[in-house]
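Listing of data_38.pdb; format and content: PDB, C-alpha atoms.
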```pdb
MODEL        1
ATOM      1  CA  MET A   1     -32.095  60.474  70.261
ATOM      2  CA  SER A   2     -31.916  59.540  73.933
ATOM      3  CA  ARG A   3     -28.733  58.567  75.699
ATOM      4  CA  PRO A   4     -28.197  54.823  76.269
ATOM      5  CA  PRO A   5     -28.679  53.644  79.846
ATOM      6  CA  GLN A   6     -25.852  52.732  82.161
ATOM      7  CA  ALA A   7     -26.296  48.998  82.414
ATOM      8  CA  ASP A   8     -23.785  46.885  84.277
ATOM      9  CA  ARG A   9     -25.862  43.679  84.266
ATOM     10  CA  LEU A  10     -27.564  42.868  80.967
ATOM     11  CA  LEU A  11     -30.242  40.199  80.474
ATOM     12  CA  VAL A  12     -31.315  38.898  77.062
ATOM     13  CA  LEU A  13     -34.625  37.030  76.727
ATOM     14  CA  HIS A  14     -34.906  34.662  73.771
ATOM     15  CA  SER A  15     -37.626  32.146  72.919
ATOM     16  CA  GLY A  16     -36.435  31.012  69.475
ATOM     17  CA  ALA A  17     -34.776  27.850  68.221
ATOM     18  CA  LEU A  18     -31.092  26.927  68.173
ATOM     19  CA  GLY A  19     -29.875  28.804  65.090
ATOM     20  CA  ASP A  20     -31.716  32.012  65.948
ATOM     21  CA  CYS A  21     -30.397  31.791  69.502
ATOM     22  CA  VAL A  22     -26.804  31.599  68.223
ATOM     23  CA  LEU A  23     -27.384  34.737  66.137
ATOM     24  CA  ALA A  24     -28.841  36.367  69.259
ATOM     25  CA  LEU A  25     -25.618  35.469  71.105
ATOM     26  CA  HIS A  26     -23.637  37.415  68.498
ATOM     27  CA  PHE A  27     -26.024  40.344  68.868
ATOM     28  CA  ALA A  28     -26.041  40.213  72.661
ATOM     29  CA  ALA A  29     -22.255  40.403  72.776
ATOM     30  CA  ALA A  30     -22.386  43.585  70.698
ATOM     31  CA  VAL A  31     -25.095  45.107  72.907
ATOM     32  CA  LYS A  32     -23.023  44.283  75.983
ATOM     33  CA  ALA A  33     -20.105  46.187  74.466
ATOM     34  CA  ALA A  34     -22.320  49.109  73.452
ATOM     35  CA  LEU A  35     -23.712  49.478  76.980
ATOM     36  CA  GLY A  36     -20.379  48.901  78.680
ATOM     37  CA  ALA A  37     -21.946  46.100  80.709
ATOM     38  CA  SER A  38     -19.741  43.798  82.757
ATOM     39  CA  ARG A  39     -22.089  40.791  82.796
ATOM     40  CA  LEU A  40     -24.276  39.226  80.110
ATOM     41  CA  THR A  41     -26.960  36.707  81.040
ATOM     42  CA  MET A  42     -29.291  34.950  78.614
ATOM     43  CA  ALA A  43     -32.626  33.369  79.473
ATOM     44  CA  ALA A  44     -33.490  31.190  76.486
ATOM     45  CA  ARG A  45     -35.540  28.261  75.308
ATOM     46  CA  SER A  46     -32.548  26.664  73.596
ATOM     47  CA  ALA A  47     -29.939  24.794  75.622
ATOM     48  CA  ILE A  48     -27.219  26.408  73.525
ATOM     49  CA  ALA A  49     -27.307  29.364  75.914
ATOM     50  CA  HIS A  50     -26.169  27.064  78.741
ATOM     51  CA  TRP A  51     -23.440  25.689  76.523
ATOM     52  CA  ALA A  52     -22.304  29.246  75.714
ATOM     53  CA  ALA A  53     -22.126  30.060  79.422
ATOM     54  CA  LYS A  54     -20.022  26.964  80.130
ATOM     55  CA  ARG A  55     -17.652  28.053  77.366
ATOM     56  CA  GLU A  56     -17.522  31.592  78.819
ATOM     57  CA  LEU A  57     -18.986  33.174  75.702
ATOM     58  CA  ILE A  58     -21.552  34.721  78.058
ATOM     59  CA  ASP A  59     -21.514  35.025  81.833
ATOM     60  CA  ASP A  60     -24.629  33.105  82.817
ATOM     61  CA  ALA A  61     -27.693  31.360  81.378
ATOM     62  CA  PHE A  62     -30.932  29.783  82.458
ATOM     63  CA  PHE A  63     -34.058  28.493  80.779
ATOM     64  CA  LEU A  64     -36.822  30.960  80.012
ATOM     65  CA  ASP A  65     -39.321  28.871  81.962
ATOM     66  CA  GLN A  66     -37.390  29.619  85.158
ATOM     67  CA  LEU A  67     -38.641  33.206  84.864
ATOM     68  CA  LYS A  68     -42.246  32.015  84.620
ATOM     69  CA  ALA A  69     -42.319  33.704  81.250
ATOM     70  CA  HIS A  70     -45.732  32.218  80.473
ATOM     71  CA  ARG A  71     -47.210  34.910  82.741
ATOM     72  CA  TRP A  72     -46.212  37.590  80.226
ATOM     73  CA  TYR A  73     -48.233  35.834  77.552
ATOM     74  CA  ALA A  74     -51.320  35.342  79.751
ATOM     75  CA  ALA A  75     -54.419  37.497  79.251
ATOM     76  CA  THR A  76     -54.619  38.824  82.788
ATOM     77  CA  ASP A  77     -54.566  42.240  84.430
ATOM     78  CA  HIS A  78     -52.097  41.111  87.089
ATOM     79  CA  VAL A  79     -48.590  40.010  86.220
ATOM     80  CA  GLU A  80     -46.533  38.679  89.095
ATOM     81  CA  GLU A  81     -43.134  40.326  89.173
ATOM     82  CA  PRO A  82     -40.484  37.864  87.974
ATOM     83  CA  PRO A  83     -37.017  37.702  89.577
ATOM     84  CA  LEU A  84     -35.523  40.394  87.339
ATOM     85  CA  HIS A  85     -34.525  42.923  89.962
ATOM     86  CA  ARG A  86     -30.818  42.083  89.749
ATOM     87  CA  PHE A  87     -30.545  43.298  86.125
ATOM     88  CA  ASP A  88     -29.957  46.852  84.928
ATOM     89  CA  ALA A  89     -31.273  46.447  81.383
ATOM     90  CA  ILE A  90     -33.183  43.799  79.421
ATOM     91  CA  VAL A  91     -33.200  43.049  75.718
ATOM     92  CA  SER A  92     -36.297  41.049  74.792
ATOM     93  CA  PHE A  93     -36.746  38.929  71.669
ATOM     94  CA  LEU A  94     -40.137  37.688  72.889
ATOM     95  CA  GLY A  95     -42.257  39.678  70.443
ATOM     96  CA  GLY A  96     -42.738  42.888  68.528
ATOM     97  CA  PRO A  97     -43.074  46.281  70.244
ATOM     98  CA  ASN A  98     -46.875  46.362  70.000
ATOM     99  CA  GLU A  99     -47.585  42.823  71.197
ATOM    100  CA  PRO A 100     -49.191  42.181  74.618
ATOM    101  CA  VAL A 101     -46.225  40.120  75.849
ATOM    102  CA  THR A 102     -43.984  43.151  75.349
ATOM    103  CA  HIS A 103     -46.269  45.463  77.331
ATOM    104  CA  ARG A 104     -46.689  42.981  80.185
ATOM    105  CA  LEU A 105     -42.938  42.432  80.404
ATOM    106  CA  ALA A 106     -42.260  46.172  80.540
ATOM    107  CA  GLU A 107     -44.908  46.627  83.253
ATOM    108  CA  SER A 108     -43.318  43.934  85.399
ATOM    109  CA  CYS A 109     -39.751  45.285  85.249
ATOM    110  CA  ARG A 110     -38.060  48.090  87.114
ATOM    111  CA  CYS A 111     -35.210  48.450  84.618
ATOM    112  CA  PRO A 112     -35.289  49.578  80.957
ATOM    113  CA  VAL A 113     -36.585  46.955  78.500
ATOM    114  CA  PHE A 114     -35.487  47.128  74.876
ATOM    115  CA  THR A 115     -37.659  45.201  72.464
ATOM    116  CA  ILE A 116     -36.296  43.421  69.416
ATOM    117  CA  ASP A 117     -38.775  42.013  66.923
ATOM    118  CA  PRO A 118     -36.921  38.837  65.907
ATOM    119  CA  ARG A 119     -38.718  38.514  62.572
ATOM    120  CA  ALA A 120     -37.157  39.689  59.337
ATOM    121  CA  ALA A 121     -38.592  42.787  57.684
ATOM    122  CA  GLU A 122     -40.801  41.923  54.709
ATOM    123  CA  SER A 123     -40.246  45.211  52.885
ATOM    124  CA  GLY A 124     -38.374  48.469  53.075
ATOM    125  CA  PRO A 125     -34.650  49.280  53.061
ATOM    126  CA  SER A 126     -33.851  46.760  55.800
ATOM    127  CA  ALA A 127     -35.506  43.783  54.109
ATOM    128  CA  LYS A 128     -32.312  42.514  52.460
ATOM    129  CA  ARG A 129     -29.960  43.251  55.355
ATOM    130  CA  HIS A 130     -28.732  40.446  57.562
ATOM    131  CA  ILE A 131     -31.137  39.840  60.442
ATOM    132  CA  VAL A 132     -28.570  40.897  63.056
ATOM    133  CA  ARG A 133     -28.208  44.239  61.269
ATOM    134  CA  GLN A 134     -31.987  44.578  61.323
ATOM    135  CA  TRP A 135     -31.952  43.982  65.066
ATOM    136  CA  ALA A 136     -29.243  46.614  65.508
ATOM    137  CA  ALA A 137     -31.336  49.146  63.607
ATOM    138  CA  GLN A 138     -34.155  48.622  66.099
ATOM    139  CA  LEU A 139     -31.950  49.908  68.934
ATOM    140  CA  ASP A 140     -30.944  53.100  67.140
ATOM    141  CA  GLU A 141     -33.884  55.095  68.509
ATOM    142  CA  ALA A 142     -32.846  54.187  72.058
ATOM    143  CA  GLY A 143     -29.439  55.670  71.413
ATOM    144  CA  ILE A 144     -27.684  52.310  71.476
ATOM    145  CA  ASP A 145     -25.165  52.087  68.664
ATOM    146  CA  VAL A 146     -24.557  48.382  68.157
ATOM    147  CA  ASP A 147     -21.365  48.005  66.161
ATOM    148  CA  ILE A 148     -21.768  45.383  63.456
ATOM    149  CA  ALA A 149     -18.561  45.715  61.487
ATOM    150  CA  ASP A 150     -18.765  42.538  59.430
ATOM    151  CA  ALA A 151     -20.017  38.965  59.385
ATOM    152  CA  GLY A 152     -17.478  37.846  61.961
ATOM    153  CA  ALA A 153     -17.676  40.866  64.236
ATOM    154  CA  PHE A 154     -18.934  39.032  67.280
ATOM    155  CA  HIS A 155     -16.812  35.930  67.081
ATOM    156  CA  LYS A 156     -14.890  35.299  70.286
ATOM    157  CA  THR A 157     -11.321  35.581  69.051
ATOM    158  CA  THR A 158     -10.176  32.666  71.171
ATOM    159  CA  ALA A 159     -12.496  29.829  70.227
ATOM    160  CA  PRO A 160     -13.682  27.732  73.189
ATOM    161  CA  THR A 161     -11.445  24.755  73.767
ATOM    162  CA  SER A 162     -12.862  21.305  74.298
ATOM    163  CA  GLY A 163      -9.777  19.236  74.988
ATOM    164  CA  VAL A 164      -9.621  16.164  72.817
ATOM    165  CA  GLY A 165     -13.231  15.987  71.668
ATOM    166  CA  GLU A 166     -14.765  13.466  69.323
ATOM    167  CA  GLY A 167     -14.680  16.021  66.536
ATOM    168  CA  GLU A 168     -10.936  16.590  66.927
ATOM    169  CA  GLY A 169      -9.236  16.509  63.526
ATOM    170  CA  LEU A 170     -12.449  15.676  61.663
ATOM    171  CA  THR A 171     -14.455  17.330  58.962
ATOM    172  CA  VAL A 172     -17.941  16.895  60.388
ATOM    173  CA  VAL A 173     -20.802  16.727  57.884
ATOM    174  CA  HIS A 174     -24.245  17.325  59.381
ATOM    175  CA  VAL A 175     -27.148  16.189  57.200
ATOM    176  CA  GLY A 176     -30.127  17.583  59.095
ATOM    177  CA  SER A 177     -32.119  20.786  59.448
ATOM    178  CA  GLY A 178     -35.397  21.980  60.903
ATOM    179  CA  GLY A 179     -37.259  21.258  57.656
ATOM    180  CA  THR A 180     -36.713  18.841  54.799
ATOM    181  CA  SER A 181     -36.708  21.695  52.268
ATOM    182  CA  LYS A 182     -33.583  23.042  53.984
ATOM    183  CA  CYS A 183     -31.722  19.732  53.653
ATOM    184  CA  CYS A 184     -29.295  19.404  50.774
ATOM    185  CA  PRO A 185     -29.703  16.090  48.907
ATOM    186  CA  LEU A 186     -27.423  13.386  50.265
ATOM    187  CA  GLU A 187     -25.735  12.542  46.967
ATOM    188  CA  PRO A 188     -23.486  15.642  46.749
ATOM    189  CA  LEU A 189     -22.664  15.350  50.446
ATOM    190  CA  GLU A 190     -21.652  11.728  49.961
ATOM    191  CA  ARG A 191     -19.427  12.813  47.094
ATOM    192  CA  ILE A 192     -17.790  15.407  49.355
ATOM    193  CA  VAL A 193     -17.150  12.838  52.098
ATOM    194  CA  VAL A 194     -15.616  10.376  49.659
ATOM    195  CA  ALA A 195     -13.388  13.122  48.223
ATOM    196  CA  LEU A 196     -12.222  14.111  51.692
ATOM    197  CA  ARG A 197     -11.310  10.547  52.615
ATOM    198  CA  HIS A 198      -9.507  10.015  49.307
ATOM    199  CA  SER A 199      -7.415  13.091  50.127
ATOM    200  CA  ASP A 200      -6.497  11.580  53.527
ATOM    201  CA  ARG A 201      -8.687  13.949  55.471
ATOM    202  CA  ALA A 202     -10.717  12.325  58.225
ATOM    203  CA  ALA A 203     -14.462  12.863  57.911
ATOM    204  CA  ALA A 204     -17.537  11.796  59.846
ATOM    205  CA  TRP A 205     -21.270  12.201  59.494
ATOM    206  CA  MET A 206     -23.268  13.758  62.310
ATOM    207  CA  ILE A 207     -26.937  13.219  63.084
ATOM    208  CA  GLY A 208     -29.272  13.957  65.959
ATOM    209  CA  PRO A 209     -32.704  12.981  67.266
ATOM    210  CA  ASP A 210     -34.570  14.796  64.470
ATOM    211  CA  GLU A 211     -32.803  12.823  61.753
ATOM    212  CA  MET A 212     -33.322   9.546  63.585
ATOM    213  CA  GLU A 213     -37.019  10.265  64.043
ATOM    214  CA  ARG A 214     -37.491  11.232  60.412
ATOM    215  CA  ASP A 215     -35.262   8.687  58.631
ATOM    216  CA  GLY A 216     -34.400   6.045  61.226
ATOM    217  CA  PRO A 217     -31.795   3.261  60.936
ATOM    218  CA  ALA A 218     -31.919   3.304  57.131
ATOM    219  CA  LEU A 219     -30.169   6.678  57.113
ATOM    220  CA  VAL A 220     -27.459   5.451  59.476
ATOM    221  CA  GLU A 221     -26.819   2.377  57.345
ATOM    222  CA  ARG A 222     -26.488   4.491  54.222
ATOM    223  CA  LEU A 223     -24.142   7.020  55.820
ATOM    224  CA  ARG A 224     -21.899   4.343  57.287
ATOM    225  CA  LEU A 225     -21.060   3.170  53.778
ATOM    226  CA  SER A 226     -18.905   6.266  53.311
ATOM    227  CA  ALA A 227     -17.813   7.393  56.819
ATOM    228  CA  PRO A 228     -18.383   6.852  60.555
ATOM    229  CA  VAL A 229     -21.574   8.293  62.040
ATOM    230  CA  ILE A 230     -21.619  10.417  65.208
ATOM    231  CA  PHE A 231     -24.968  10.587  67.017
ATOM    232  CA  ARG A 232     -25.593  13.041  69.835
ATOM    233  CA  GLU A 233     -28.841  13.268  71.754
ATOM    234  CA  SER A 234     -28.403  16.698  73.338
ATOM    235  CA  VAL A 235     -27.657  20.088  71.846
ATOM    236  CA  GLU A 236     -24.785  20.678  74.266
ATOM    237  CA  GLU A 237     -23.083  17.361  73.463
ATOM    238  CA  ALA A 238     -23.467  17.988  69.743
ATOM    239  CA  ALA A 239     -22.010  21.476  70.147
ATOM    240  CA  ASP A 240     -18.982  19.987  71.905
ATOM    241  CA  VAL A 241     -18.315  17.774  68.881
ATOM    242  CA  VAL A 242     -18.820  20.611  66.409
ATOM    243  CA  SER A 243     -16.637  23.104  68.284
ATOM    244  CA  SER A 244     -13.717  20.662  68.346
ATOM    245  CA  ALA A 245     -13.965  19.788  64.630
ATOM    246  CA  ARG A 246     -11.309  20.735  62.101
ATOM    247  CA  ALA A 247     -14.014  21.740  59.621
ATOM    248  CA  PHE A 248     -17.776  21.546  59.262
ATOM    249  CA  ILE A 249     -20.304  21.202  56.435
ATOM    250  CA  GLY A 250     -23.966  21.645  57.225
ATOM    251  CA  ASN A 251     -27.331  22.881  56.063
ATOM    252  CA  ASP A 252     -29.145  26.027  57.117
ATOM    253  CA  ALA A 253     -29.459  24.661  60.646
ATOM    254  CA  GLY A 254     -28.493  25.391  64.229
ATOM    255  CA  MET A 255     -25.281  23.376  64.355
ATOM    256  CA  THR A 256     -23.946  25.211  61.318
ATOM    257  CA  HIS A 257     -24.371  28.447  63.268
ATOM    258  CA  VAL A 258     -22.534  26.875  66.217
ATOM    259  CA  ALA A 259     -19.627  25.858  63.991
ATOM    260  CA  ALA A 260     -19.332  29.371  62.559
ATOM    261  CA  LEU A 261     -19.562  30.928  66.032
ATOM    262  CA  CYS A 262     -16.634  28.806  67.211
ATOM    263  CA  GLY A 263     -14.414  29.811  64.327
ATOM    264  CA  VAL A 264     -14.500  26.361  62.723
ATOM    265  CA  LYS A 265     -13.970  26.406  58.953
ATOM    266  CA  THR A 266     -17.557  26.086  57.828
ATOM    267  CA  ILE A 267     -19.526  25.648  54.631
ATOM    268  CA  ALA A 268     -23.214  26.462  55.072
ATOM    269  CA  LEU A 269     -25.455  24.900  52.418
ATOM    270  CA  PHE A 270     -28.500  27.017  51.590
ATOM    271  CA  GLY A 271     -31.622  26.034  49.677
ATOM    272  CA  PRO A 272     -34.855  28.060  49.946
ATOM    273  CA  THR A 273     -33.669  30.405  52.726
ATOM    274  CA  ASP A 274     -31.989  33.690  51.787
ATOM    275  CA  PRO A 275     -28.397  33.617  53.099
ATOM    276  CA  HIS A 276     -28.210  37.412  52.913
ATOM    277  CA  LEU A 277     -30.671  37.412  55.802
ATOM    278  CA  TRP A 278     -29.811  34.272  57.745
ATOM    279  CA  ARG A 279     -26.239  33.197  57.011
ATOM    280  CA  PRO A 280     -24.187  32.030  59.996
ATOM    281  CA  LEU A 281     -21.783  34.577  61.424
ATOM    282  CA  GLY A 282     -18.144  33.685  61.883
ATOM    283  CA  PRO A 283     -14.672  34.454  60.593
ATOM    284  CA  HIS A 284     -14.281  31.255  58.544
ATOM    285  CA  CYS A 285     -17.746  30.598  57.135
ATOM    286  CA  ARG A 286     -18.952  30.719  53.553
ATOM    287  CA  THR A 287     -22.364  29.975  52.107
ATOM    288  CA  VAL A 288     -22.979  27.722  49.107
ATOM    289  CA  PRO A 289     -26.301  27.106  47.324
ATOM    290  CA  PHE A 290     -27.536  23.539  46.928
ATOM    291  CA  ALA A 291     -26.967  23.763  43.169
ATOM    292  CA  GLU A 292     -23.223  24.186  43.717
ATOM    293  CA  ALA A 293     -22.836  21.626  46.500
ATOM    294  CA  ALA A 294     -21.512  18.904  44.216
ATOM    295  CA  SER A 295     -18.613  21.103  43.085
ATOM    296  CA  ILE A 296     -17.336  21.335  46.662
ATOM    297  CA  ALA A 297     -15.969  17.818  46.323
ATOM    298  CA  ASP A 298     -13.135  19.220  44.206
ATOM    299  CA  ASP A 299     -12.749  22.488  46.116
ATOM    300  CA  TRP A 300     -13.202  21.507  49.778
ATOM    301  CA  PRO A 301      -9.748  20.040  50.537
ATOM    302  CA  THR A 302      -8.171  23.311  49.397
ATOM    303  CA  PHE A 303     -10.566  25.304  51.560
ATOM    304  CA  VAL A 304      -9.756  23.231  54.657
ATOM    305  CA  GLY A 305      -6.011  23.532  54.130
ATOM    306  CA  ASP A 306      -3.285  21.594  55.912
TER     307      ASP A 306
ENDMDL
END
```
If you took the structure in this file and wrote it as structure tokens, what would it be?
Amino acid sequence: MSRPPQADRLLVLHSGALGDCVLALHFAAAVKAALGASRLTMAARSAIAHWAAKRELIDDAFFLDQLKAHRWYAATDHVEEPPLHRFDAIVSFLGGPNEPVTHRLAESCRCPVFTIDPRAAESGPSAKRHIVRQWAAQLDEAGIDVDIADAGAFHKTTAPTSGVGEGEGLTVVHVGSGGTSKCCPLEPLERIVVALRHSDRAAAWMIGPDEMERDGPALVERLRLSAPVIFRESVEEAADVVSSARAFIGNDAGMTHVAALCGVKTIALFGPTDPHLWRPLGPHCRTVPFAEAASIADDWPTFVGD
């Protein structure tokens, strides 16, 4: 096993969606610690990386397009060197180790590039391990021992403060996800919201552009029958609301990962996705299958506490 490199300035490249990017933030923090790096920068497709930099969870962020990353995917013999010279090591989530994008990236960099295949293993001993543990296993051969102690290992112990945000004091219930199969039916969620309000705990629904595009004003009208509705257009604005919430209930979706990351008391509702692989990471997060969602109405006030 080779010795890990001395890397003071670490760059993480990530092209995935919001939830995966949040998990990559957890992982990147552990890699930073393992390498003894002083600065962690993320170049990502998701705007959550910028939000994380503003909250000082990482040191810097920019969009992947700013690196002209499309050149690494192009079928060409010449790859123009991107502005990566100021980094000492790169962790790439852009593809598997044998994919052309990985080879072109390595050829264009002067520093060590460590490749992480972001996809879950389909078989073998790692197949049922959480995805972040699978990523850590991929760095073993490079001599980088990424310490993943438990589900909340990479939570920033002092959650980012937002001042008096719109989520302050609220249990925020987010109804959306990237696919309809991942969305818990509304009926048990409505029951939870009603139970919270009957127990004098403030609650609000949260929706974003995806929910408005899919369900439109009819969804808003229905939700408003039981609680106020918070709509946020941008990922960063939505994350501000979520991070300031007293508690959060959401599907297997990006904002649920944000809530867990920030140490918000979180219930993550899982349907077809395996939570052993993809559960949000955080010190106050628990996963609940759709089939048990209705029972939360009786249990949730106790979980939130006073």
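Here the question is which of A:Leu139, A:Ala120, A:Cys183, A:Val113 gets nearest to A:Asp274 using all atoms listed in the file, and that residue is A:Ala120.
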Selection in question (the file shown): the PyMOL selection byres ((chain A and resi 225-234) around 6). Which residues does it include, as a VMD selection string? chain A and resid 204 to 209 222 to 224 235 to 238
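The protein and nucleic acid residues lying at most 9 Å from A:His284 are Gly152, Ala260, Gly263, Val264, Lys265, Thr266, Ile267 and Leu281 of chain A, with only C-alpha atoms considered and sequence neighbours fewer than 3 positions away removed.
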Evaluate the PyMOL selection byres ((chain A and resi 288) around 6) and report residues as a count of residues only: 3
How many Å separate atom CA of A:Ser295 from atom CA of A:Gly216?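 A separation of 28.4 Å between them.
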Stretch 29-31 of chain A: which residues within 9 Å, counting all atoms listed in the file, same-chain residues fewer than 3 positions away excluded, as a PyMOL selection string? chain A and resi 10+24-26+34-37+40+57-58+91+136+144-148+153-154
I'd like the residues picked by the PyMOL selection byres ((chain A and resi 119) around 9) written out as a list in words, using the chain letters and numbers from the file.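 Answer for the PyMOL selection byres ((chain A and resi 119) around 9): Gly95, Gly96, Ile116, Asp117, Pro118, Ala120, Ala121, Glu122 and Ile131 of chain A.
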Padding 8 Å on every side, please: axis-aligned box over the listed atoms of stretch 101-117 of chain A, centre and edge lengths to one decimal in Å, as lines of an AutoDock Vina configuration file.
```
center_x = -40.9
center_y = 44.8
center_z = 77.0
size_x = 27.5
size_y = 25.5
size_z = 36.2
```
What is the distance between atom CA of A:Leu277 and atom CA of A:Ala127, in Å to one decimal?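 Taking atom CA of A:Leu277 and atom CA of A:Ala127, their separation equals 8.2 Å.
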